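Novice: structure-v5.cif is reproduced in full below (mmCIF, C-alpha atoms).
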data_target
#
loop_
_atom_site.label_atom_id
_atom_site.label_comp_id
_atom_site.auth_asym_id
_atom_site.auth_seq_id
_atom_site.Cartn_x
_atom_site.Cartn_y
_atom_site.Cartn_z
CA MET R 3 -125.40 29.78 -32.21
CA PRO R 4 -127.29 29.14 -35.48
CA PRO R 5 -130.25 31.42 -36.16
CA LYS R 6 -133.64 30.30 -34.90
CA VAL R 7 -136.07 28.74 -37.37
CA PRO R 8 -139.07 31.08 -37.97
CA VAL R 9 -141.58 28.64 -36.50
CA THR R 10 -143.83 28.89 -33.44
CA VAL R 11 -144.06 25.64 -31.49
CA VAL R 12 -147.43 25.38 -29.72
CA ILE R 13 -147.81 22.95 -26.80
CA PRO R 14 -151.23 22.47 -25.10
CA VAL R 15 -150.85 21.31 -21.50
CA LEU R 16 -152.72 20.38 -18.35
CA ASN R 17 -150.68 19.26 -15.33
CA GLU R 18 -147.55 18.35 -17.30
CA GLY R 19 -145.06 19.64 -14.72
CA HIS R 20 -143.08 16.39 -14.84
CA GLN R 21 -142.12 16.83 -18.50
CA ILE R 22 -142.95 20.28 -19.86
CA ALA R 23 -139.49 21.75 -19.17
CA GLU R 24 -137.79 19.00 -21.18
CA CYS R 25 -140.33 19.46 -23.98
CA VAL R 26 -139.71 23.23 -24.14
CA ARG R 27 -135.93 22.77 -24.10
CA ASP R 28 -136.25 20.25 -26.94
CA SER R 29 -137.81 23.07 -29.01
CA TYR R 30 -134.67 25.22 -28.63
CA TRP R 31 -134.35 25.58 -32.42
CA ALA R 32 -137.70 27.40 -32.83
CA ASP R 33 -138.07 31.17 -32.83
CA GLU R 34 -141.02 31.00 -30.41
CA VAL R 35 -142.48 28.42 -28.01
CA LEU R 36 -146.03 28.99 -26.76
CA VAL R 37 -147.40 26.81 -23.97
CA ALA R 38 -151.20 26.92 -23.84
CA ASP R 39 -152.19 25.98 -20.30
CA GLY R 40 -155.68 24.68 -19.60
CA GLY R 41 -155.70 25.36 -15.86
CA SER R 42 -152.88 23.27 -14.41
CA THR R 43 -152.82 22.81 -10.64
CA ASP R 44 -149.20 21.61 -10.47
CA ASP R 45 -146.02 23.52 -11.37
CA THR R 46 -146.50 23.28 -15.16
CA VAL R 47 -146.69 27.05 -15.71
CA ALA R 48 -143.60 27.79 -13.60
CA GLN R 49 -141.61 24.98 -15.23
CA ALA R 50 -142.53 26.11 -18.74
CA ARG R 51 -141.56 29.72 -18.09
CA ALA R 52 -138.30 28.72 -16.43
CA ALA R 53 -137.43 26.68 -19.53
CA GLY R 54 -137.97 29.73 -21.77
CA ALA R 55 -141.52 29.37 -23.09
CA THR R 56 -144.22 32.01 -23.24
CA VAL R 57 -147.24 30.70 -21.31
CA ILE R 58 -150.82 31.54 -22.25
CA GLU R 59 -153.01 30.75 -19.25
CA GLY R 60 -156.73 30.00 -19.10
CA THR R 61 -157.01 28.36 -22.52
CA GLY R 62 -159.44 25.62 -23.50
CA PRO R 63 -161.35 23.61 -22.51
CA GLY R 64 -159.85 20.86 -24.64
CA THR R 65 -156.52 20.66 -26.43
CA GLY R 66 -158.01 21.66 -29.79
CA LYS R 67 -159.27 24.94 -28.38
CA GLN R 68 -155.98 25.45 -26.51
CA ARG R 69 -154.03 25.09 -29.75
CA ASN R 70 -156.33 27.41 -31.69
CA GLN R 71 -156.13 30.13 -29.06
CA ALA R 72 -152.34 29.95 -29.14
CA PHE R 73 -152.24 30.04 -32.96
CA ALA R 74 -154.02 33.39 -32.85
CA GLN R 75 -151.17 34.82 -30.75
CA ALA R 76 -148.24 33.30 -32.64
CA ARG R 77 -145.81 35.72 -34.26
CA ASN R 78 -144.61 33.37 -37.01
CA ALA R 79 -146.33 32.33 -40.22
CA TRP R 80 -145.55 28.67 -39.58
CA ILE R 81 -146.76 26.59 -36.62
CA PHE R 82 -145.57 23.26 -35.27
CA SER R 83 -148.26 21.68 -33.08
CA LEU R 84 -146.47 19.60 -30.44
CA ASP R 85 -147.67 17.49 -27.51
CA ALA R 86 -145.82 17.50 -24.19
CA ASP R 87 -144.93 13.81 -24.57
CA GLU R 88 -143.28 14.25 -27.99
CA ARG R 89 -139.65 15.06 -28.87
CA PHE R 90 -137.95 16.06 -32.14
CA SER R 91 -135.42 13.89 -33.93
CA PRO R 92 -132.39 15.82 -35.28
CA GLU R 93 -133.41 14.89 -38.83
CA LEU R 94 -136.85 16.41 -38.32
CA ILE R 95 -135.45 19.68 -36.99
CA ALA R 96 -133.29 20.06 -40.10
CA GLU R 97 -136.20 19.24 -42.40
CA ILE R 98 -138.51 21.75 -40.72
CA GLY R 99 -135.97 24.50 -41.31
CA ALA R 100 -135.68 23.59 -44.99
CA ALA R 101 -139.45 23.27 -45.43
CA VAL R 102 -140.32 26.72 -44.07
CA ALA R 103 -137.40 28.36 -45.90
CA ALA R 104 -138.73 27.14 -49.27
CA PRO R 105 -142.24 25.76 -48.68
CA LYS R 106 -143.72 23.42 -51.28
CA HIS R 107 -146.91 22.67 -49.34
CA ALA R 108 -149.33 24.37 -46.95
CA ALA R 109 -148.87 21.65 -44.31
CA TYR R 110 -146.69 18.63 -43.61
CA ARG R 111 -147.22 15.18 -42.09
CA ILE R 112 -144.73 13.60 -39.72
CA ARG R 113 -144.41 9.96 -38.68
CA ARG R 114 -144.29 9.23 -34.97
CA ARG R 115 -142.09 6.56 -33.43
CA ASN R 116 -144.14 5.32 -30.49
CA PHE R 117 -142.48 3.89 -27.38
CA TRP R 118 -144.38 1.90 -24.75
CA LEU R 119 -142.83 0.52 -21.56
CA GLY R 120 -139.37 1.08 -23.04
CA HIS R 121 -140.11 -0.73 -26.31
CA GLU R 122 -140.75 0.81 -29.74
CA GLN R 123 -144.10 -0.29 -31.15
CA THR R 124 -143.83 -1.15 -34.85
CA ARG R 125 -147.06 -3.04 -35.56
CA GLY R 126 -150.67 -2.03 -36.10
CA GLY R 127 -151.72 1.59 -35.81
CA TRP R 128 -148.75 2.39 -33.60
CA GLY R 129 -146.37 1.47 -36.40
CA ARG R 130 -148.19 3.53 -39.05
CA ASP R 131 -148.82 6.66 -37.02
CA TRP R 132 -148.70 9.82 -39.16
CA VAL R 133 -149.78 13.20 -37.78
CA ASP R 134 -150.31 16.60 -39.43
CA ARG R 135 -148.28 19.00 -37.31
CA LEU R 136 -146.39 21.59 -39.39
CA HIS R 137 -148.78 24.06 -40.98
CA ARG R 138 -149.49 27.66 -41.82
CA ARG R 139 -150.79 29.82 -38.97
CA GLU R 140 -154.24 30.39 -40.53
CA HIS R 141 -155.21 26.73 -40.25
CA ARG R 142 -157.12 25.51 -37.21
CA TYR R 143 -157.62 22.30 -35.24
CA VAL R 144 -160.93 20.46 -35.14
CA GLU R 145 -161.90 20.46 -31.45
CA ALA R 146 -162.76 16.76 -31.13
CA ARG R 147 -162.51 14.60 -27.99
CA PRO R 148 -160.48 12.83 -26.81
CA HIS R 149 -158.09 13.52 -29.71
CA ASP R 150 -158.17 16.73 -31.72
CA HIS R 151 -156.80 16.91 -35.26
CA LEU R 152 -155.82 19.49 -37.85
CA GLU R 153 -158.54 20.52 -40.28
CA PRO R 154 -158.24 18.80 -43.70
CA ILE R 155 -155.68 20.51 -45.93
CA ALA R 156 -155.49 19.29 -49.53
CA ASP R 157 -151.93 20.50 -50.11
CA THR R 158 -150.09 18.38 -47.53
CA GLY R 159 -146.59 16.95 -47.92
CA ASP R 160 -144.55 14.44 -45.91
CA LEU R 161 -141.33 14.90 -43.96
CA ARG R 162 -138.92 12.02 -43.40
CA GLY R 163 -137.76 13.00 -39.92
CA THR R 164 -139.71 11.55 -37.02
CA LEU R 165 -141.29 12.58 -33.75
CA LEU R 166 -140.38 10.47 -30.74
CA HIS R 167 -143.53 9.76 -28.75
CA GLN R 168 -143.88 8.21 -25.30
CA PRO R 169 -147.53 8.68 -24.30
CA TYR R 170 -147.45 6.80 -20.98
CA ARG R 171 -145.02 7.06 -18.07
CA ASP R 172 -146.05 3.65 -16.75
CA LEU R 173 -149.00 1.27 -16.72
CA ARG R 174 -150.88 3.21 -14.03
CA HIS R 175 -150.62 6.39 -16.08
CA GLN R 176 -151.94 4.50 -19.11
CA LEU R 177 -154.91 3.10 -17.17
CA ASP R 178 -155.77 6.58 -15.88
CA LYS R 179 -155.75 7.91 -19.45
CA MET R 180 -157.81 4.98 -20.68
CA ASN R 181 -160.50 5.66 -18.09
CA ARG R 182 -160.57 9.38 -18.86
CA TYR R 183 -160.71 8.92 -22.64
CA ALA R 184 -163.36 6.20 -22.36
CA GLU R 185 -165.63 8.46 -20.34
CA LEU R 186 -165.13 11.40 -22.71
CA GLY R 187 -165.85 9.19 -25.71
CA ALA R 188 -168.97 7.80 -24.07
CA LEU R 189 -170.19 11.28 -23.21
CA ASP R 190 -169.83 12.39 -26.82
CA LEU R 191 -171.79 9.32 -27.97
CA TRP R 192 -174.48 10.01 -25.35
CA ASN R 193 -174.84 13.62 -26.44
CA ALA R 194 -175.14 12.45 -30.04
CA GLY R 195 -178.05 10.18 -29.09
CA ARG R 196 -176.21 6.86 -29.17
CA ARG R 197 -176.99 4.04 -26.71
CA ALA R 198 -174.96 0.91 -25.90
CA SER R 199 -176.14 -2.37 -27.44
CA TRP R 200 -175.12 -5.94 -26.70
CA TRP R 201 -172.99 -5.75 -29.84
CA ASP R 202 -171.14 -2.72 -28.50
CA LEU R 203 -170.43 -4.35 -25.15
CA ALA R 204 -169.53 -7.86 -26.31
CA ILE R 205 -168.48 -7.92 -29.96
CA ARG R 206 -166.89 -4.52 -30.47
CA PRO R 207 -164.11 -5.08 -27.85
CA LEU R 208 -163.49 -8.59 -29.24
CA TRP R 209 -163.14 -7.21 -32.76
CA ARG R 210 -160.80 -4.50 -31.47
CA PHE R 211 -158.58 -7.24 -29.99
CA ILE R 212 -158.62 -9.36 -33.17
CA LYS R 213 -157.83 -6.33 -35.32
CA ALA R 214 -154.86 -5.31 -33.16
CA TRP R 215 -153.39 -8.70 -32.26
CA ILE R 216 -153.94 -10.67 -35.46
CA LEU R 217 -154.69 -8.30 -38.35
CA GLY R 218 -152.42 -5.57 -37.00
CA GLY R 219 -149.52 -7.92 -36.33
CA GLY R 220 -149.44 -7.56 -32.55
CA ILE R 221 -148.97 -11.31 -32.32
CA LEU R 222 -145.45 -10.80 -33.73
CA GLU R 223 -144.49 -8.52 -30.82
CA GLY R 224 -144.85 -11.15 -28.13
CA ARG R 225 -146.07 -10.05 -24.71
CA TYR R 226 -145.92 -6.38 -25.74
CA GLY R 227 -148.34 -7.00 -28.60
CA LEU R 228 -150.62 -9.21 -26.53
CA THR R 229 -150.83 -6.79 -23.60
CA ARG R 230 -151.33 -3.77 -25.83
CA SER R 231 -154.11 -5.55 -27.76
CA VAL R 232 -155.92 -6.57 -24.58
CA LEU R 233 -155.71 -3.02 -23.21
CA GLY R 234 -157.08 -1.65 -26.47
CA ALA R 235 -160.03 -4.04 -26.29
CA TYR R 236 -160.59 -3.05 -22.66
CA THR R 237 -160.65 0.64 -23.64
CA ALA R 238 -163.38 -0.10 -26.19
CA PHE R 239 -165.35 -2.00 -23.56
CA LEU R 240 -164.94 0.83 -21.05
CA LYS R 241 -166.31 3.40 -23.47
CA TYR R 242 -169.51 1.48 -24.13
CA ALA R 243 -169.82 0.38 -20.51
CA ASN R 244 -169.77 4.08 -19.59
CA LEU R 245 -172.40 4.75 -22.25
CA TRP R 246 -174.58 1.96 -20.82
CA ALA R 247 -174.10 3.36 -17.31
CA PHE R 248 -175.21 6.83 -18.48
CA GLU R 249 -178.45 5.27 -19.71
CA ARG R 250 -179.05 3.51 -16.42
CA THR R 251 -178.55 6.72 -14.44
CA LYS R 252 -180.35 8.90 -17.04
CA ARG R 253 -177.34 11.18 -17.33
#
Here is a file; write its structure as structure tokens.
Specialist:
Amino acid sequence: MPPKVPVTVVIPVLNEGHQIAECVRDSYWADEVLVADGGSTDDTVAQARAAGATVIEGTGPGTGKQRNQAFAQARNAWIFSLDADERFSPELIAEIGAAVAAPKHAAYRIRRRNFWLGHEQTRGGWGRDWVDRLHRREHRYVEARPHDHLEPIADTGDLRGTLLHQPYRDLRHQLDKMNRYAELGALDLWNAGRRASWWDLAIRPLWRFIKAWILGGGILEGRYGLTRSVLGAYTAFLKYANLWAFERTKR
């Protein structure tokens, strides 16, 4: 077998028993795979260990904190921050090996190919989705909700290989995520002193739809683009509806 690439793959998880084993096996090329578990109540931990990962339990709360806690325990100088719903393309694996063998940058961006209901999304934000994932161990993630992100690094290059990303198993799973993210986003706004206006409840979701369906080119993707744009607008509405509800209940 070829030698392992001196990279630690870090995967933050919470109840990902249905896919964590496949995700760990997909990282076979890496010298180390760390799964940072945030308190799963399913068989995530057992599945990850059976697939060959080292599991760090009791991390978090939040994926940003989970990642950072795992970085501190990584044995390699280079980290690849992976999500449980992402997979490596063969081209990306080869590029990662070359990049860490003769690094030209302190971090690297990777483009994600996003798949939704069996169809690759190529328009709007889904079609221009770049994420900073390969980086030196000393860098940390900003612990933002609902989506964390790597701290700004001036010396960042691009890799041509792609990550394959399927964020939702089905429509029910997507709706569950939408509700959870909307409430988290509303809570952050509430804690920052924001309150929901008529503009937020009526115009902001409409603008989100127009931006995705017309300006983002969703109209060219037929029913996929239309449905995705409507769901995006609904997510925006849910966030500010939650914020309005917090005000009514004096949360």
Novice: Taking all atoms listed in the file into account, which of R:Gly41, R:Gly159, R:Gly60, R:Gly187 comes nearest His107 (chain R)?
Specialist: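 Of R:Gly41, R:Gly159, R:Gly60, R:Gly187, the one nearest His107 (chain R), counting all atoms listed in the file, is R:Gly159.
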Novice: Mind checking which residues fall within 6 Å of region 88-105 of chain R, counting all atoms listed in the file, ignoring those fewer than 2 positions away in the same chain, and posting them as a PDB file with C-alpha atoms, keeping the file's coordinate frame?
Specialist:
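Output contents, as saved in around00.pdb:
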ATOM      1  CA  VAL R   7    -136.070  28.740 -37.370  1.00  0.00           C
ATOM      2  CA  ASP R  85    -147.670  17.490 -27.510  1.00  0.00           C
ATOM      3  CA  ALA R  86    -145.820  17.500 -24.190  1.00  0.00           C
ATOM      4  CA  HIS R 107    -146.910  22.670 -49.340  1.00  0.00           C
ATOM      5  CA  GLY R 163    -137.760  13.000 -39.920  1.00  0.00           C
ATOM      6  CA  THR R 164    -139.710  11.550 -37.020  1.00  0.00           C
ATOM      7  CA  LEU R 165    -141.290  12.580 -33.750  1.00  0.00           C
ATOM      8  CA  LEU R 166    -140.380  10.470 -30.740  1.00  0.00           C
ATOM      9  CA  HIS R 167    -143.530   9.760 -28.750  1.00  0.00           C
TER      10      HIS R 167
END
Novice: So which residues get picked by the PyMOL selection byres ((chain R and resi 45) around 9) here, written as a ChimeraX atom specification?
Specialist: /R:17-20,42-44,46-50
Novice: Can you translate the PyMOL selection byres ((chain R and resi 31) around 8) into the concrete residues it hits in this file, as a PyMOL selection string?
Specialist: chain R and resi 6-7+28-30+32-33+95
Novice: Using all atoms listed in the file, determine which residues lie at most 12 Å from Trp118 (chain R), disregarding the query and same-chain residues fewer than 4 positions distant; provide the list as a ChimeraX atom specification.
Specialist: /R:87,122-124,128-129,166-173,175-176,226-227,229-230
